[in-house]
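Pasting final29.txt here (compact mmCIF, C-alpha atoms and all ligand atoms):
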# COMPACT_ATOMS: atom_id res chain seq x y z
CA MET A 25 -3.39 -47.74 21.74
CA TYR A 26 -5.10 -46.03 18.78
CA ASP A 27 -5.02 -46.68 15.06
CA VAL A 28 -5.49 -42.93 14.52
CA LEU A 29 -4.94 -40.07 16.95
CA ILE A 30 -6.25 -36.74 15.69
CA ILE A 31 -5.13 -33.40 17.10
CA GLY A 32 -7.96 -30.87 17.17
CA ALA A 33 -11.74 -31.33 17.14
CA GLY A 34 -12.57 -28.59 14.63
CA PRO A 35 -14.47 -29.45 11.44
CA ALA A 36 -11.32 -30.92 9.83
CA GLY A 37 -10.50 -33.17 12.79
CA ILE A 38 -14.11 -34.27 13.23
CA SER A 39 -14.40 -35.08 9.50
CA ALA A 40 -11.18 -37.12 9.64
CA ALA A 41 -12.49 -38.96 12.69
CA ILE A 42 -15.81 -39.80 10.99
CA TYR A 43 -14.01 -41.35 8.01
CA ALA A 44 -11.57 -43.31 10.20
CA LEU A 45 -14.32 -44.58 12.54
CA ARG A 46 -16.45 -45.68 9.61
CA ASN A 47 -13.45 -47.76 8.51
CA ASN A 48 -13.54 -49.55 11.86
CA LEU A 49 -10.39 -47.94 13.18
CA LYS A 50 -9.86 -47.11 16.84
CA VAL A 51 -9.77 -43.31 16.93
CA GLY A 52 -8.83 -40.79 19.61
CA ILE A 53 -9.29 -37.05 19.20
CA LEU A 54 -7.37 -34.56 21.31
CA GLU A 55 -8.93 -31.14 21.90
CA GLY A 56 -7.47 -28.54 24.21
CA GLU A 57 -10.44 -26.16 24.07
CA ALA A 58 -14.11 -26.59 23.12
CA PRO A 59 -14.97 -29.18 20.46
CA GLY A 60 -15.98 -27.50 17.20
CA GLY A 61 -12.95 -25.29 16.71
CA LYS A 62 -13.59 -21.82 15.30
CA MET A 63 -17.25 -22.71 14.66
CA VAL A 64 -17.84 -22.31 18.38
CA PHE A 65 -16.97 -18.61 18.05
CA THR A 66 -18.95 -17.99 14.84
CA ALA A 67 -22.41 -16.55 15.43
CA THR A 68 -24.02 -17.46 12.10
CA ILE A 69 -22.86 -19.78 9.31
CA GLU A 70 -24.62 -19.25 5.98
CA ASN A 71 -22.52 -21.27 3.53
CA TYR A 72 -22.73 -24.82 4.94
CA PRO A 73 -24.63 -27.04 2.49
CA GLY A 74 -27.91 -28.28 3.90
CA TYR A 75 -28.40 -25.30 6.19
CA GLU A 76 -29.34 -21.88 4.84
CA SER A 77 -28.31 -20.44 8.17
CA ILE A 78 -27.14 -22.11 11.34
CA ASN A 79 -25.70 -20.92 14.60
CA GLY A 80 -21.98 -21.93 14.86
CA PRO A 81 -22.17 -23.58 18.31
CA ASP A 82 -25.26 -25.56 17.20
CA LEU A 83 -23.42 -26.93 14.17
CA ALA A 84 -20.38 -27.66 16.34
CA TYR A 85 -22.57 -29.57 18.81
CA SER A 86 -24.23 -31.53 16.03
CA MET A 87 -20.85 -32.54 14.49
CA PHE A 88 -19.48 -33.44 17.91
CA ASN A 89 -22.53 -35.61 18.73
CA GLN A 90 -22.18 -37.41 15.41
CA VAL A 91 -18.55 -38.35 16.04
CA MET A 92 -19.22 -39.30 19.68
CA ASN A 93 -22.07 -41.58 18.57
CA LEU A 94 -19.68 -43.29 16.16
CA GLY A 95 -17.46 -44.14 19.14
CA VAL A 96 -14.55 -41.70 19.09
CA ASN A 97 -12.47 -41.49 22.25
CA TYR A 98 -12.51 -37.80 23.20
CA LEU A 99 -9.40 -36.64 25.06
CA ALA A 100 -9.69 -33.15 26.56
CA PHE A 101 -5.99 -32.30 26.37
CA ASN A 102 -3.64 -30.19 24.31
CA ALA A 103 -0.97 -32.03 22.35
CA GLU A 104 2.25 -30.56 23.73
CA SER A 105 4.71 -32.07 21.25
CA LEU A 106 5.10 -34.70 18.56
CA LYS A 107 7.98 -37.14 18.39
CA LYS A 108 8.90 -39.17 15.33
CA GLU A 109 10.14 -42.59 16.38
CA ASN A 110 10.42 -44.52 13.10
CA ASP A 111 11.25 -43.67 9.55
CA TYR A 112 7.69 -43.90 8.26
C1 LIG A 201 -14.74 -15.18 13.05
C2 LIG A 201 -14.74 -16.33 12.05
C3 LIG A 201 -15.88 -16.57 11.29
C4 LIG A 201 -15.89 -17.59 10.35
N1 LIG A 201 -17.04 -17.79 9.64
C5 LIG A 201 -17.08 -18.78 8.73
C6 LIG A 201 -18.30 -19.05 8.00
O1 LIG A 201 -19.33 -18.39 8.18
N2 LIG A 201 -18.27 -20.06 7.10
C7 LIG A 201 -17.14 -20.82 6.87
O2 LIG A 201 -17.16 -21.73 6.03
N3 LIG A 201 -16.00 -20.60 7.57
C8 LIG A 201 -15.94 -19.60 8.48
N4 LIG A 201 -14.77 -19.39 9.17
C9 LIG A 201 -13.62 -20.26 8.88
C10 LIG A 201 -13.77 -21.60 9.61
O3 LIG A 201 -13.99 -21.34 10.97
C11 LIG A 201 -12.50 -22.42 9.41
O4 LIG A 201 -12.28 -22.62 8.02
C12 LIG A 201 -12.61 -23.78 10.09
O5 LIG A 201 -12.89 -23.60 11.47
C13 LIG A 201 -11.31 -24.56 9.93
O6 LIG A 201 -11.50 -25.81 10.56
P1 LIG A 201 -10.31 -26.63 11.14
O7 LIG A 201 -10.88 -27.87 11.76
O8 LIG A 201 -9.23 -26.77 10.12
O9 LIG A 201 -9.64 -25.68 12.26
P2 LIG A 201 -10.25 -25.06 13.61
O10 LIG A 201 -11.69 -24.75 13.50
O11 LIG A 201 -9.30 -23.95 13.94
O12 LIG A 201 -10.08 -26.23 14.67
C14 LIG A 201 -8.81 -26.61 15.15
C15 LIG A 201 -9.01 -27.22 16.53
O13 LIG A 201 -7.78 -27.79 16.95
C16 LIG A 201 -7.58 -27.49 18.33
N5 LIG A 201 -6.14 -27.55 18.58
C17 LIG A 201 -5.18 -26.78 18.01
N6 LIG A 201 -3.97 -27.14 18.49
C18 LIG A 201 -4.18 -28.16 19.35
C19 LIG A 201 -3.29 -28.96 20.17
N7 LIG A 201 -1.98 -28.76 20.18
N8 LIG A 201 -3.84 -29.93 20.95
C20 LIG A 201 -5.20 -30.15 20.95
N9 LIG A 201 -6.08 -29.42 20.19
C21 LIG A 201 -5.57 -28.44 19.42
C22 LIG A 201 -8.17 -26.11 18.50
O14 LIG A 201 -8.50 -25.87 19.86
C23 LIG A 201 -9.40 -26.18 17.58
O15 LIG A 201 -10.56 -26.63 18.29
C24 LIG A 201 -14.74 -18.39 10.14
C25 LIG A 201 -13.59 -18.16 10.92
C26 LIG A 201 -13.58 -17.16 11.87
C27 LIG A 201 -12.33 -16.92 12.69

Could you render the structure from this file as structure tokens?
Ligand SMILES: Cc1cc2nc3c(=O)[nH]c(=O)nc-3n(C[C@H](O)[C@H](O)[C@H](O)COP(=O)(O)OP(=O)(O)OC[C@H]3O[C@@H](n4cnc5c(N)ncnc54)[C@H](O)[C@@H]3O)c2cc1C
Amino acid sequence: MYDVLIIGAGPAGISAAIYALRNNLKVGILEGEAPGGKMVFTATIENYPGYESINGPDLAYSMFNQVMNLGVNYLAFNAESLKKENDY
């Protein structure tokens, strides 16, 4: 059972996971393709602070390593559907 289950390991999902993990929550991240999202398919990124220019897959790998080292549970699956069970 997770405190937070994130769908998608692109930059948004990885950022959300970092914040949740640093708050000592148990976090799972579901990713149906390669971790990194669209970054994986971007040859060169030139607007990410801290890097004048970085290869997309390298940045994706670095973000993925960071979240893995923080202890995320990586689940290599697609979310097929969502079901609301309570009123919150
Ligand atoms: C060709 C191209 C070049 C770009 N270049 C730049 C650039 O140079 N600089 C820049 O700032 N931005 C660039 N962007 C935009 C940038 O890629 C996006 O803003 C960013 O990827 C959005 O991040 P995200 O995490 O919201 O979504 P995404 O990167 O799309 O990640 C979403 C992830 O969720 C996964 N997912 C989706 N549905 C499910 C499901 N049902 N179950 C499990 N996993 C799922 C996907 O597989 C994907 O990995 C570029 C985009 C493209 C297409």

Using all atoms listed in the file, find each protein or nucleic acid residue lying at most 7 Å from ligand LIG 201 (chain A); present the set as a short mmCIF file (atom, residue, chain, number, x, y, z; two decimals) with C-alpha atoms, keeping the file's coordinate frame.
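Printed below is result_34.cif as written:
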data_model
loop_
_atom_site.label_atom_id
_atom_site.label_comp_id
_atom_site.auth_asym_id
_atom_site.auth_seq_id
_atom_site.Cartn_x
_atom_site.Cartn_y
_atom_site.Cartn_z
CA ILE A 31 -5.13 -33.40 17.10
CA GLY A 32 -7.96 -30.87 17.17
CA ALA A 33 -11.74 -31.33 17.14
CA GLY A 34 -12.57 -28.59 14.63
CA PRO A 35 -14.47 -29.45 11.44
CA ALA A 36 -11.32 -30.92 9.83
CA GLY A 37 -10.50 -33.17 12.79
CA LEU A 54 -7.37 -34.56 21.31
CA GLU A 55 -8.93 -31.14 21.90
CA GLY A 56 -7.47 -28.54 24.21
CA GLU A 57 -10.44 -26.16 24.07
CA ALA A 58 -14.11 -26.59 23.12
CA PRO A 59 -14.97 -29.18 20.46
CA GLY A 60 -15.98 -27.50 17.20
CA GLY A 61 -12.95 -25.29 16.71
CA LYS A 62 -13.59 -21.82 15.30
CA MET A 63 -17.25 -22.71 14.66
CA PHE A 65 -16.97 -18.61 18.05
CA THR A 66 -18.95 -17.99 14.84
CA THR A 68 -24.02 -17.46 12.10
CA ILE A 69 -22.86 -19.78 9.31
CA GLU A 70 -24.62 -19.25 5.98
CA ASN A 71 -22.52 -21.27 3.53
CA TYR A 72 -22.73 -24.82 4.94
CA PHE A 101 -5.99 -32.30 26.37
CA ASN A 102 -3.64 -30.19 24.31
CA ALA A 103 -0.97 -32.03 22.35
CA GLU A 104 2.25 -30.56 23.73
#

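For Asn89 of chain A, the residues within 12 Å (counting only C-alpha atoms, excluding itself and residues fewer than 5 positions away along the chain) are Ala33, Ile38, Ile42, Pro59, Gly60, Asp82, Leu83, Ala84, Leu94, Gly95, Val96 and Tyr98 of chain A.
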
Just the selected residues (C-alpha atoms), exported as a tab-separated table (two decimals), in the frame of the given file, please.
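The resulting part.tsv:
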chain	number	residue	atom	x	y	z
A	33	ALA	CA	-11.74	-31.33	17.14
A	38	ILE	CA	-14.11	-34.27	13.23
A	42	ILE	CA	-15.81	-39.80	10.99
A	59	PRO	CA	-14.97	-29.18	20.46
A	60	GLY	CA	-15.98	-27.50	17.20
A	82	ASP	CA	-25.26	-25.56	17.20
A	83	LEU	CA	-23.42	-26.93	14.17
A	84	ALA	CA	-20.38	-27.66	16.34
A	94	LEU	CA	-19.68	-43.29	16.16
A	95	GLY	CA	-17.46	-44.14	19.14
A	96	VAL	CA	-14.55	-41.70	19.09
A	98	TYR	CA	-12.51	-37.80	23.20

Separation of atom CA of Leu49 of chain A from atom CA of Glu109 of chain A in Å: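 A separation of 21.5 Å between them.
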
Would you mind reading off the distance between atom CA of Lys107 of chain A and atom CA of Ser39 of chain A, one decimal, in Å?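 These atoms are spaced 24.2 Å apart.
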
Rounded to one decimal place, report the atom CA of Val28 of chain A-atom CA of Val51 of chain A distance in Å.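 Spanning atom CA of Val28 of chain A to atom CA of Val51 of chain A is a straight-line distance of 4.9 Å.
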